[in-house]
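Report on one structure; see the data block that follows.
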Amino acid sequence: ETRCPYCSFNRYEFQTGLAVDSFSALRKEIKIYHDYGYDFDGVYIGGGTPTILADELFKTISLLRQLFSITELSVETNPGDLTEKNLSALKELKVNRLSVGVQSFNDDILKKIGRYDTYGSGDELKEKLKQALDDAYTLNVDMIFNFPFQTAQMLEHDLDCLSQLLPDQVTFYPLMPADALSSKLGGLNHRKEKQFYFRILNRLSSDWEALSVWCFGRNKGMIDEYIISRAEYIGAGSGSFGLLNGYIYANT
């Protein structure tokens with residue numbers, strides 16, 4: 001819906017026609033890998049907002065299920081797409097992990113990063129996440145810390161909200177120096193980042209176990225989308241990358 005100022009990934013503002021064409025091209029690309037004889041047991045769909053055209057996403061997942069031996073399927077989404085219809089469909093498609101981009105529950109932060117008007121207040125985000133909690137899949141909440149204007153009290157509020165919700169998994173990324181960052185959000189304070197990180201470690205350790213440097217789970221077997229345990233993987237779609245025959249490649 002919007003281009004978040006902290007995001008450095010390959011992304012475009014939503015246009016229905018282009019998005020439909022993109023999904024169509026993606027499905028053609030997926031079929032090519034099948035025709036080459038590849039098989040996959042794990043799929044990660046994201047980042048960005050692949051649920052923005054839910055029906056197109058569901059068609060794509062159905063195709064993946066039809067062509068490959070998938071046992072592990074993770075999908076990213078935004079809070080606005082956590083509707084009863086979408087959640088029901090994702091369960092029916094046997095999605096194992098749903099990752100929701102929240103970033104913060106603080107209204108001032110949400111306003112400054114352009115998410116308040118699109119996805120609602122911190123209290124509204126908490127209610128949407130409560131509705132998404134389900135034993136059928138792992139619910140991951142994506143958070144960001146060390147915004148230039150973020151105080152220790154703001155961070156504590158985010159940690160309090162997570163402790164109240166108790167999602168299966170929390171991924172807490174530091175703010176990255178994206179292209180638009182310096183002009184829109186201000187410069188980074190790495191000393192504060194270190195202080196905040198150790199505060200996060202201390203607070204989350206009572207309810208979650210560190211699975212990686214910034215991913216915390218209530219179950220050791222849970223997925224972290226940035227930790228790849230497989231020997232090879234294929235990047236499908238615009239901006240993706242893969243590892244085949246010892247080479248990392250960017251998908252053109």
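Every chain in the structure tokens has a letter given in the order shown (A, B, ...), and although residue numbers restart at 1 in each chain, ligands are simply numbered from 1 in the order shown.
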
Query - Shell of 12 Å around A:Phe58, only C-alpha atoms, local chain residues under 2 positions omitted, as an MDAnalysis selection string - result: chainID A and resid 23 27 45 50:56 60:65 75 85:95

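Summary of the local environment: counting only C-alpha atoms, residues at most 10 Å from stretch 231-234 of chain A, other than itself and those fewer than 6 positions away along its chain, are Ile30, Tyr33, Tyr38, Phe40, Gly42, Val43, Ser240, Phe241, Gly242, Leu243, Leu244, Asn245, Gly246, Tyr247, Ile248, Tyr249, Ala250 and Asn251 of chain A.
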
Residues just named, written with N, CA and C atoms as a tab-separated table (two decimals), in the first residue's frame:
```tsv
chain	number	residue	atom	x	y	z
A	30	ILE	N	7.74	-20.36	-11.80
A	30	ILE	CA	7.70	-21.55	-10.94
A	30	ILE	C	7.54	-22.81	-11.78
A	33	TYR	N	10.85	-24.04	-13.27
A	33	TYR	CA	11.69	-24.82	-12.37
A	33	TYR	C	11.21	-26.27	-12.29
A	38	TYR	N	13.37	-29.73	-10.93
A	38	TYR	CA	13.62	-29.38	-9.53
A	38	TYR	C	12.44	-29.78	-8.65
A	40	PHE	N	11.15	-29.13	-4.32
A	40	PHE	CA	11.41	-28.33	-3.13
A	40	PHE	C	10.56	-28.83	-1.98
A	42	GLY	N	10.64	-26.79	0.98
A	42	GLY	CA	10.38	-25.58	1.76
A	42	GLY	C	10.18	-24.38	0.87
A	43	VAL	N	9.24	-23.51	1.24
A	43	VAL	CA	8.98	-22.29	0.48
A	43	VAL	C	8.79	-21.13	1.46
A	240	SER	N	14.65	-11.42	-6.01
A	240	SER	CA	15.06	-12.55	-5.18
A	240	SER	C	16.47	-13.00	-5.55
A	241	PHE	N	17.05	-13.86	-4.71
A	241	PHE	CA	18.35	-14.43	-5.03
A	241	PHE	C	18.39	-15.87	-4.56
A	242	GLY	N	19.29	-16.64	-5.16
A	242	GLY	CA	19.36	-18.06	-4.84
A	242	GLY	C	20.79	-18.55	-4.77
A	243	LEU	N	20.93	-19.83	-4.46
A	243	LEU	CA	22.25	-20.47	-4.40
A	243	LEU	C	22.16	-21.81	-5.12
A	244	LEU	N	22.85	-21.92	-6.25
A	244	LEU	CA	22.85	-23.14	-7.05
A	244	LEU	C	24.27	-23.44	-7.52
A	245	ASN	N	24.68	-24.71	-7.41
A	245	ASN	CA	25.98	-25.14	-7.91
A	245	ASN	C	27.13	-24.29	-7.38
A	246	GLY	N	26.98	-23.86	-6.11
A	246	GLY	CA	28.06	-23.09	-5.49
A	246	GLY	C	28.06	-21.61	-5.82
A	247	TYR	N	27.08	-21.13	-6.58
A	247	TYR	CA	27.02	-19.72	-6.96
A	247	TYR	C	25.77	-19.05	-6.38
A	248	ILE	N	25.95	-17.86	-5.81
A	248	ILE	CA	24.81	-17.03	-5.43
A	248	ILE	C	24.43	-16.19	-6.67
A	249	TYR	N	23.18	-16.18	-7.01
A	249	TYR	CA	22.75	-15.40	-8.17
A	249	TYR	C	21.58	-14.49	-7.80
A	250	ALA	N	21.50	-13.34	-8.45
A	250	ALA	CA	20.37	-12.43	-8.31
A	250	ALA	C	19.43	-12.67	-9.48
A	251	ASN	N	18.15	-12.81	-9.18
A	251	ASN	CA	17.16	-13.10	-10.21
A	251	ASN	C	16.86	-11.83	-11.00
```

Report task. Using DSSP on the backbone coordinates, identify all residues within stretch 42-166 of chain A classified as alpha helix (DSSP H); present the result as a ChimeraX atom specification. Result -> /A:54-67,84-92,107-112,116-119,122-132,152-165

Would you tabulate, counting only C-alpha atoms, all residues of stretch 28-138 of chain A that have an atom at most 8 Å from an atom of stretch 142-162 of chain A, showing the closest pair of atoms and their distance in Å to one decimal, sorted by chain then ascending number, as CSV?
```
residue,atom,partner,partner_atom,distance
A:Ser99,CA,A:Asp142,CA,6.8
A:Val100,CA,A:Asp142,CA,5.9
A:Gly101,CA,A:Asp142,CA,4.8
A:Val102,CA,A:Asp142,CA,5.7
A:Gln103,CA,A:Met143,CA,3.8
A:Ser104,CA,A:Met143,CA,6.0
A:Phe105,CA,A:Asp158,CA,5.6
A:Asn106,CA,A:Met154,CA,6.5
A:Ile109,CA,A:Gln150,CA,7.4
A:Lys126,CA,A:Cys161,CA,7.6
```

Output file for the selection above: N, CA, C and O atoms, as a PDB file, in the first residue's frame:
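Okay, result-v9.pdb is ready:
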```pdb
ATOM      1  N   SER A  99       4.105 -14.631   9.091  1.00  0.00           N
ATOM      2  CA  SER A  99       4.962 -13.584   9.643  1.00  0.00           C
ATOM      3  C   SER A  99       4.321 -12.226   9.392  1.00  0.00           C
ATOM      4  O   SER A  99       4.093 -11.842   8.247  1.00  0.00           O
ATOM      5  N   VAL A 100       4.013 -11.502  10.464  1.00  0.00           N
ATOM      6  CA  VAL A 100       3.280 -10.228  10.367  1.00  0.00           C
ATOM      7  C   VAL A 100       4.219  -9.064  10.638  1.00  0.00           C
ATOM      8  O   VAL A 100       4.851  -8.993  11.700  1.00  0.00           O
ATOM      9  N   GLY A 101       4.302  -8.136   9.686  1.00  0.00           N
ATOM     10  CA  GLY A 101       5.129  -6.946   9.864  1.00  0.00           C
ATOM     11  C   GLY A 101       4.433  -5.916  10.730  1.00  0.00           C
ATOM     12  O   GLY A 101       3.527  -5.224  10.273  1.00  0.00           O
ATOM     13  N   VAL A 102       4.834  -5.817  11.984  1.00  0.00           N
ATOM     14  CA  VAL A 102       4.250  -4.857  12.927  1.00  0.00           C
ATOM     15  C   VAL A 102       5.174  -3.661  13.101  1.00  0.00           C
ATOM     16  O   VAL A 102       4.743  -2.516  13.082  1.00  0.00           O
ATOM     17  N   GLN A 103       6.451  -3.909  13.323  1.00  0.00           N
ATOM     18  CA  GLN A 103       7.534  -2.929  13.481  1.00  0.00           C
ATOM     19  C   GLN A 103       7.504  -2.247  14.847  1.00  0.00           C
ATOM     20  O   GLN A 103       8.523  -2.145  15.502  1.00  0.00           O
ATOM     21  N   SER A 104       6.346  -1.761  15.296  1.00  0.00           N
ATOM     22  CA  SER A 104       6.235  -1.161  16.628  1.00  0.00           C
ATOM     23  C   SER A 104       4.759  -1.048  17.005  1.00  0.00           C
ATOM     24  O   SER A 104       3.892  -1.002  16.137  1.00  0.00           O
ATOM     25  N   PHE A 105       4.508  -1.017  18.319  1.00  0.00           N
ATOM     26  CA  PHE A 105       3.153  -0.775  18.816  1.00  0.00           C
ATOM     27  C   PHE A 105       2.993   0.669  19.289  1.00  0.00           C
ATOM     28  O   PHE A 105       1.935   1.044  19.796  1.00  0.00           O
ATOM     29  N   ASN A 106       4.038   1.465  19.140  1.00  0.00           N
ATOM     30  CA  ASN A 106       4.008   2.860  19.586  1.00  0.00           C
ATOM     31  C   ASN A 106       3.408   3.746  18.498  1.00  0.00           C
ATOM     32  O   ASN A 106       3.899   3.763  17.367  1.00  0.00           O
ATOM     33  N   ILE A 109       5.804   6.262  16.676  1.00  0.00           N
ATOM     34  CA  ILE A 109       6.683   5.604  15.709  1.00  0.00           C
ATOM     35  C   ILE A 109       5.899   5.223  14.458  1.00  0.00           C
ATOM     36  O   ILE A 109       6.335   5.467  13.333  1.00  0.00           O
ATOM     37  N   LYS A 126      -2.557  -4.877  18.113  1.00  0.00           N
ATOM     38  CA  LYS A 126      -2.617  -5.959  19.109  1.00  0.00           C
ATOM     39  C   LYS A 126      -3.884  -6.788  18.948  1.00  0.00           C
ATOM     40  O   LYS A 126      -3.849  -8.022  19.035  1.00  0.00           O
TER      41      LYS A 126
END
```

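In terms of minimum interatomic distance to A:Asn10, A:Gly48 ranks closest within A:Ile200, A:Pro174, A:Tyr36, A:Gly48, counting only C-alpha atoms.
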
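Computed from the coordinates, the atom CA of A:Gly114 to atom CA of A:Cys4 distance equals 6.5 Å.
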
Query raised in the report: For A:Phe216, which residue among A:Ser238, A:Ser163, A:Ser229, A:Asn140 is the nearest when counting only C-alpha atoms?
Result: A:Asn140

Query raised in the report: Which residues come within 12 Å of A:Met176, counting only C-alpha atoms, excluding same-chain residues fewer than 6 positions away, as a PyMOL selection string?
Result: chain A and resi 5-9+144-148+182+185-190+193

Requested in this report: Name all residues at most 7 Å from stretch 13-20 of chain A (count only C-alpha atoms; drop same-chain ones fewer than 6 positions away) and give them as a ChimeraX atom specification.
Outcome: /A:1-3

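Distance check against A:Glu124 using only C-alpha atoms: of A:Pro79, A:Glu84, A:Asp108, A:Phe68, the minimum falls on A:Pro79.
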
Query raised in the report: Excluding same-chain residues fewer than 2 positions from A:Glu209, what lies within 8 Å of it counting only C-alpha atoms, as a list in words?
Result: Leu204, Ser205, Asp207, Leu211, Phe216, Gly217, Arg218, Asn219 and Lys220 of chain A

Please dump the current selection as an mmCIF file, in the first residue's frame; keep N, CA and C atoms.
```cif
data_model
loop_
_atom_site.group_PDB
_atom_site.id
_atom_site.type_symbol
_atom_site.label_atom_id
_atom_site.label_comp_id
_atom_site.auth_asym_id
_atom_site.auth_seq_id
_atom_site.Cartn_x
_atom_site.Cartn_y
_atom_site.Cartn_z
ATOM 1 N N LEU A 204 13.195 -10.731 26.447
ATOM 2 C CA LEU A 204 12.577 -11.832 25.721
ATOM 3 C C LEU A 204 12.998 -13.200 26.246
ATOM 4 N N SER A 205 14.119 -13.268 26.951
ATOM 5 C CA SER A 205 14.648 -14.567 27.378
ATOM 6 C C SER A 205 13.726 -15.303 28.340
ATOM 7 N N ASP A 207 10.455 -15.660 28.014
ATOM 8 C CA ASP A 207 9.360 -16.333 27.301
ATOM 9 C C ASP A 207 9.781 -16.980 25.981
ATOM 10 N N LEU A 211 16.841 -18.080 18.655
ATOM 11 C CA LEU A 211 17.093 -19.044 17.591
ATOM 12 C C LEU A 211 18.214 -18.567 16.676
ATOM 13 N N PHE A 216 13.575 -15.003 17.906
ATOM 14 C CA PHE A 216 13.307 -15.631 19.201
ATOM 15 C C PHE A 216 12.044 -16.478 19.091
ATOM 16 N N GLY A 217 12.123 -17.734 19.532
ATOM 17 C CA GLY A 217 10.989 -18.629 19.392
ATOM 18 C C GLY A 217 10.684 -19.383 20.663
ATOM 19 N N ARG A 218 9.430 -19.856 20.741
ATOM 20 C CA ARG A 218 8.998 -20.669 21.874
ATOM 21 C C ARG A 218 9.150 -22.155 21.573
ATOM 22 N N ASN A 219 9.712 -22.461 20.397
ATOM 23 C CA ASN A 219 9.921 -23.839 19.966
ATOM 24 C C ASN A 219 11.177 -23.881 19.101
ATOM 25 N N LYS A 220 12.119 -24.753 19.415
ATOM 26 C CA LYS A 220 13.412 -24.783 18.720
ATOM 27 C C LYS A 220 13.283 -25.067 17.228
#
```

**Report entry** DSSP strand (DSSP E) residues within stretch 30-190 of chain A, as number ranges by chain
**Finding:** A: 42-45, 72-77, 97-103, 138-145, 169-174

Query - Within 7 Å of A:Thr138 using only C-alpha atoms, minus same-chain residues under 5 positions, as an MDAnalysis selection string - result: chainID A and resid 96:98 168
